[in-house]
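Notes follow the structure.
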Amino acid sequence: MTRAISVGLGDRAYEVVIGPGLIDRAGSHIAPLLKRGRTAVVTDETVAGHHGERLMASLEAAGLKATLITIPPGEASKTFAGLESLLHQLLALRLDRGDLITAFGGGVVGDLAGFAAAIYKRGIDFVQIPTTLLAQVDSSVGGKTAIDTPHGKNLVGAFHQPRLVLADLDVLATLPLREIKCGYAEVIKYGMLGDVDFFGWLEANALDVLMTDLGALTHAVARSVEMKAEIVAEDEREQGRRALLNLGHTFGHALETEVGFGEALLHGEAVALGCAQAFRFSVRQGLCSAADAQRVEAALSDAGLPVRLAQVSNSPFKADALLAHMAQDKKAEGGRLTLILARRIGEAFVAKDVDPGALRDFLIEEGAAP
Ligand code: NAD
Ligand code: GLY
């Protein structure tokens with residue numbers, strides 16, 4: 001049941017290995033990548049509590065000298081302060097360029113540890129061992145690393161590809177259902193943006209994926225990674241097609257920034273709501289059929305994900321505030337808005353120069369205050 005998918009980036013190509021029991025074999029996967037047999041394992045307190053001992057045992061059994069660095073869980077760690085603290089700990093370990101950082105956790109750990117790896121001594125190798133569904137299908141693959149700033153999410157970062165990704169499907173057994181649903185939002189996003197058959201398969205198999213059935217999970221993760229690997233290999237630096245992976249993200253990031261990155265709206269939930277909005281806005285612009293937007297909304301709702309602003313508690317969104325955040329999006333050029341919109345399920349495209357007036361009217365129709 002183990003799958004290996006290659007991210008074809010020439011001499012920086014790497015494999016994403018997907019299957020059960022991989023953290024118990026992590027040492028033998030990582031050892032060949034090391035010159036001196038040393039790695040710093042960056043994780044968060046929750047992941048360390050559930051799975052830290054098994055990973056450390058596996059690394060030690062392979063003869064590696066591994067040191068665990070634990071950060072507090074949650075988006076608040078992905079900041080300048082969190083980065084500074086992590087870099088100081090890495091420097092104190094005297095890690096050098098022959099060593100390697102192992103990012104063991106969700107997207108927060110992967111993004112933070114990956115960014116630290118990108119800038120530590122001008123760049124050191126790292127391996128991703130993603131432990132959330134979201135990180136397995138999205139953030140661990142493709143080399144985007146970043147921290148958040150008060151101006152918005154992921155605004156300071158670097159492209160830095162991992163040497164290897166080990167997506168152990170067993171570790172998802174301890175992940176709360178709400179987090180599984182967040183990962184599912186990123187999985188179904190792949191169907192929406194480029195594979196209507198995969199979208200249909202997910203409509204039929206959502207429950208099995210959400211219940212972490214091994215067969216269903218393997219297909220869902222592998223198909224997602226396959227699609228991401230293919231897009232990243234073609235457009236590593238997001239000059240074109242990679243932007244499609246941001247379907248739902250410009251709307252979603254604006255909502256997350258407004259509510260303050262926390263329990264009120266998790267990243268995957270923001271992406272789900274953002275995807276539903278991207279399809280509804282596409283309908284409003286005469287680009288996509290209402291039937292497709294309704295199908296997207298139904299598939300997300302059936303998985304227990306939010307699709308309407310009113311479902312985000314205590315959040316009286318303002319259209320102008322959301323628009324201001326959207327203008328900060330990394331895809332915006334010269335203040336002009338770029339969105340990922342859809343012609344149909346399975347066919348998303350990059351829409352440049354979106355009319356801010358039409359978008360403002362849409363957000364007000366969606367229930368935001370002016
Ligand atoms: P996360 O890393 O905060 O993990 C969510 C929660 O689950 C945390 O509390 C964590 O401690 C816990 N957890 C992780 N693994 C667990 C396990 N196996 N069992 C029990 N608990 C576990 O969040 P996330 O959803 O994985 O990632 C979100 C982050 O990823 C955001 O910062 C987002 O910006 C980033 N992201 C980056 C990319 C990229 O391409 N780099 C893509 C998508 C998202
Ligand atoms: N998560 C979007 C990307 O990797 O490009």
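In the structure tokens, each chain is lettered A, B, ... as it comes, each chain's residues begin at 1, and ligands are numbered from 1 in order of appearance.
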
Quick one: residues within 10 Å of ligand 2, with only C-alpha atoms and all ligand atoms, as a PDB file with N, CA and C atoms, in the first residue's frame?
ATOM      1  N   LEU A 134      -3.851  17.950   5.656  1.00  0.00           N
ATOM      2  CA  LEU A 134      -3.572  19.156   4.870  1.00  0.00           C
ATOM      3  C   LEU A 134      -2.100  19.230   4.481  1.00  0.00           C
ATOM      4  N   ALA A 135      -1.230  18.948   5.439  1.00  0.00           N
ATOM      5  CA  ALA A 135       0.203  19.022   5.148  1.00  0.00           C
ATOM      6  C   ALA A 135       0.616  17.917   4.182  1.00  0.00           C
ATOM      7  N   VAL A 137      -1.157  16.556   1.743  1.00  0.00           N
ATOM      8  CA  VAL A 137      -1.602  16.742   0.355  1.00  0.00           C
ATOM      9  C   VAL A 137      -1.178  18.092  -0.215  1.00  0.00           C
ATOM     10  N   ASP A 138      -0.685  18.987   0.638  1.00  0.00           N
ATOM     11  CA  ASP A 138      -0.414  20.311   0.114  1.00  0.00           C
ATOM     12  C   ASP A 138       0.899  20.898   0.633  1.00  0.00           C
ATOM     13  N   SER A 139       0.933  21.279   1.925  1.00  0.00           N
ATOM     14  CA  SER A 139       2.026  22.157   2.343  1.00  0.00           C
ATOM     15  C   SER A 139       3.401  21.496   2.348  1.00  0.00           C
ATOM     16  N   SER A 140       3.468  20.158   2.485  1.00  0.00           N
ATOM     17  CA  SER A 140       4.792  19.523   2.551  1.00  0.00           C
ATOM     18  C   SER A 140       5.422  19.360   1.170  1.00  0.00           C
ATOM     19  N   VAL A 141       4.615  19.524   0.126  1.00  0.00           N
ATOM     20  CA  VAL A 141       5.083  19.284  -1.250  1.00  0.00           C
ATOM     21  C   VAL A 141       5.168  20.616  -1.984  1.00  0.00           C
ATOM     22  N   GLY A 142       6.282  20.877  -2.643  1.00  0.00           N
ATOM     23  CA  GLY A 142       6.325  22.053  -3.509  1.00  0.00           C
ATOM     24  C   GLY A 142       7.246  23.157  -3.054  1.00  0.00           C
ATOM     25  N   GLY A 143       7.760  23.067  -1.809  1.00  0.00           N
ATOM     26  CA  GLY A 143       8.834  23.970  -1.418  1.00  0.00           C
ATOM     27  C   GLY A 143       8.442  25.376  -1.005  1.00  0.00           C
ATOM     28  N   LYS A 144       7.144  25.641  -0.818  1.00  0.00           N
ATOM     29  CA  LYS A 144       6.799  26.967  -0.297  1.00  0.00           C
ATOM     30  C   LYS A 144       6.968  26.948   1.212  1.00  0.00           C
ATOM     31  N   THR A 145       7.753  27.880   1.725  1.00  0.00           N
ATOM     32  CA  THR A 145       7.954  27.991   3.171  1.00  0.00           C
ATOM     33  C   THR A 145       7.708  29.442   3.551  1.00  0.00           C
ATOM     34  N   PHE A 159      11.149  29.927  -1.448  1.00  0.00           N
ATOM     35  CA  PHE A 159      10.978  28.617  -2.072  1.00  0.00           C
ATOM     36  C   PHE A 159      12.186  27.782  -1.661  1.00  0.00           C
ATOM     37  N   GLU A 186      -8.538  20.743   1.076  1.00  0.00           N
ATOM     38  CA  GLU A 186      -7.434  20.873   0.106  1.00  0.00           C
ATOM     39  C   GLU A 186      -7.457  19.716  -0.891  1.00  0.00           C
ATOM     40  N   LYS A 228      -0.316  17.870  -7.520  1.00  0.00           N
ATOM     41  CA  LYS A 228       0.541  18.972  -7.064  1.00  0.00           C
ATOM     42  C   LYS A 228       1.948  18.819  -7.641  1.00  0.00           C
ATOM     43  N   ALA A 229       2.474  17.573  -7.635  1.00  0.00           N
ATOM     44  CA  ALA A 229       3.840  17.344  -8.138  1.00  0.00           C
ATOM     45  C   ALA A 229       3.942  17.750  -9.602  1.00  0.00           C
ATOM     46  N   ILE A 231       2.149  19.946 -11.247  1.00  0.00           N
ATOM     47  CA  ILE A 231       2.060  21.410 -11.402  1.00  0.00           C
ATOM     48  C   ILE A 231       3.351  22.082 -10.929  1.00  0.00           C
ATOM     49  N   VAL A 232       3.894  21.606  -9.803  1.00  0.00           N
ATOM     50  CA  VAL A 232       5.119  22.209  -9.264  1.00  0.00           C
ATOM     51  C   VAL A 232       6.291  21.972 -10.219  1.00  0.00           C
ATOM     52  N   ASP A 235       5.937  24.513 -12.943  1.00  0.00           N
ATOM     53  CA  ASP A 235       5.932  25.947 -12.601  1.00  0.00           C
ATOM     54  C   ASP A 235       6.312  26.132 -11.128  1.00  0.00           C
ATOM     55  N   GLU A 236       7.585  25.821 -10.826  1.00  0.00           N
ATOM     56  CA  GLU A 236       8.019  25.824  -9.421  1.00  0.00           C
ATOM     57  C   GLU A 236       7.782  27.166  -8.750  1.00  0.00           C
ATOM     58  N   ARG A 237       8.087  28.257  -9.447  1.00  0.00           N
ATOM     59  CA  ARG A 237       8.073  29.591  -8.829  1.00  0.00           C
ATOM     60  C   ARG A 237       6.763  30.348  -9.017  1.00  0.00           C
ATOM     61  N   GLU A 238       5.742  29.638  -9.399  1.00  0.00           N
ATOM     62  CA  GLU A 238       4.408  30.236  -9.548  1.00  0.00           C
ATOM     63  C   GLU A 238       4.402  31.424 -10.511  1.00  0.00           C
ATOM     64  N   ARG A 241       0.890  28.411 -14.008  1.00  0.00           N
ATOM     65  CA  ARG A 241      -0.123  27.420 -13.645  1.00  0.00           C
ATOM     66  C   ARG A 241      -0.183  27.096 -12.148  1.00  0.00           C
ATOM     67  N   ARG A 242       0.938  27.239 -11.435  1.00  0.00           N
ATOM     68  CA  ARG A 242       0.917  26.891 -10.011  1.00  0.00           C
ATOM     69  C   ARG A 242      -0.104  27.724  -9.248  1.00  0.00           C
ATOM     70  N   ALA A 243      -0.381  28.927  -9.749  1.00  0.00           N
ATOM     71  CA  ALA A 243      -1.354  29.783  -9.061  1.00  0.00           C
ATOM     72  C   ALA A 243      -2.714  29.094  -8.933  1.00  0.00           C
ATOM     73  N   LEU A 244      -2.987  28.117  -9.827  1.00  0.00           N
ATOM     74  CA  LEU A 244      -4.275  27.412  -9.736  1.00  0.00           C
ATOM     75  C   LEU A 244      -4.459  26.728  -8.382  1.00  0.00           C
ATOM     76  N   LEU A 245      -3.325  26.344  -7.777  1.00  0.00           N
ATOM     77  CA  LEU A 245      -3.402  25.678  -6.462  1.00  0.00           C
ATOM     78  C   LEU A 245      -3.969  26.617  -5.404  1.00  0.00           C
ATOM     79  N   ASN A 246      -4.025  27.889  -5.735  1.00  0.00           N
ATOM     80  CA  ASN A 246      -4.566  28.863  -4.783  1.00  0.00           C
ATOM     81  C   ASN A 246      -6.071  29.047  -4.932  1.00  0.00           C
ATOM     82  N   LEU A 247      -6.724  28.149  -5.660  1.00  0.00           N
ATOM     83  CA  LEU A 247      -8.184  28.226  -5.738  1.00  0.00           C
ATOM     84  C   LEU A 247      -8.757  28.324  -4.308  1.00  0.00           C
ATOM     85  N   HIS A 249      -8.064  30.393  -2.087  1.00  0.00           N
ATOM     86  CA  HIS A 249      -7.144  30.927  -1.083  1.00  0.00           C
ATOM     87  C   HIS A 249      -7.185  32.448  -0.956  1.00  0.00           C
TER      88      HIS A 249
END

List as JSON lines every residue of stretch 128-219 of chain A that is in contact with stretch 263-285 of chain A, defined as an atom at most 10 Å from one of its atoms (using only C-alpha atoms), together with the nearest atom pair and the distance in Å rounded to one decimal, sorted by chain and then rising number.
{"residue": "A:Leu134", "atom": "CA", "partner": "A:Gly268", "partner_atom": "CA", "distance": 7.5}
{"residue": "A:Arg178", "atom": "CA", "partner": "A:Leu266", "partner_atom": "CA", "distance": 8.9}
{"residue": "A:Glu179", "atom": "CA", "partner": "A:Gly268", "partner_atom": "CA", "distance": 7.9}
{"residue": "A:Ile180", "atom": "CA", "partner": "A:Gly268", "partner_atom": "CA", "distance": 9.1}
{"residue": "A:Lys181", "atom": "CA", "partner": "A:Gly268", "partner_atom": "CA", "distance": 7.4}
{"residue": "A:Cys182", "atom": "CA", "partner": "A:Gly268", "partner_atom": "CA", "distance": 3.9}
{"residue": "A:Gly183", "atom": "CA", "partner": "A:Gly268", "partner_atom": "CA", "distance": 6.2}
{"residue": "A:Tyr184", "atom": "CA", "partner": "A:Gly268", "partner_atom": "CA", "distance": 7.8}
{"residue": "A:Ala185", "atom": "CA", "partner": "A:Ala272", "partner_atom": "CA", "distance": 5.4}
{"residue": "A:Glu186", "atom": "CA", "partner": "A:Gly268", "partner_atom": "CA", "distance": 6.7}
{"residue": "A:Val187", "atom": "CA", "partner": "A:Gly268", "partner_atom": "CA", "distance": 9.9}
{"residue": "A:Ile188", "atom": "CA", "partner": "A:Ala272", "partner_atom": "CA", "distance": 9.0}
{"residue": "A:Lys189", "atom": "CA", "partner": "A:Cys275", "partner_atom": "CA", "distance": 7.5}
{"residue": "A:Met192", "atom": "CA", "partner": "A:Cys275", "partner_atom": "CA", "distance": 8.5}
{"residue": "A:Leu193", "atom": "CA", "partner": "A:Cys275", "partner_atom": "CA", "distance": 9.7}

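Residues in contact with ligand 1 (atom pairs separated by at most 6 Å; only C-alpha atoms and all ligand atoms) are A:Asp44, A:Thr46, A:Val47, A:Pro73, A:Gly74, A:Glu75, A:Gly105, A:Gly106, A:Gly107, A:Val108, A:Val109, A:Asp111, A:Thr131, A:Thr132, A:Leu134, A:Ala135, A:Asp138, A:Ser139, A:Lys144, A:Thr145, A:Val171, A:Leu172, A:Thr174, A:Leu175, A:His267.
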
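Between atom CA of A:Ala351 and atom CA of A:Leu322 there is a distance of 18.0 Å.
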
Item to complete: Find the residues around stretch 55-69 of chain A up to 6 Å (only C-alpha atoms counted), leave out those fewer than 2 positions away in its own chain, and share them as a PyMOL selection string.
Response: chain A and resi 23-24+27-28+37-42+52-53

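Residue neighbourhood of A:His219, excluding near-sequence residues (fewer than 3 positions): A:Met1, A:Arg3, A:Ile18, A:Phe198, A:Trp201, A:Leu202, A:Val209, A:Leu214, A:Gly215, A:Ala216, A:Ala222, A:Arg223, A:Ser224, A:Val225, at 10 Å, using only C-alpha atoms.
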
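Across the structure, atom CA of A:Ala321 and atom CA of A:Ile147 are spaced 21.8 Å apart.
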
Item to complete: Find the residues around A:Lys78 up to 12 Å (only C-alpha atoms counted), leave out those fewer than 5 positions away in its own chain, and share them as number ranges by chain.
Response: A: 44, 71-73, 83-86, 106-116, 145-150, 152-157, 261
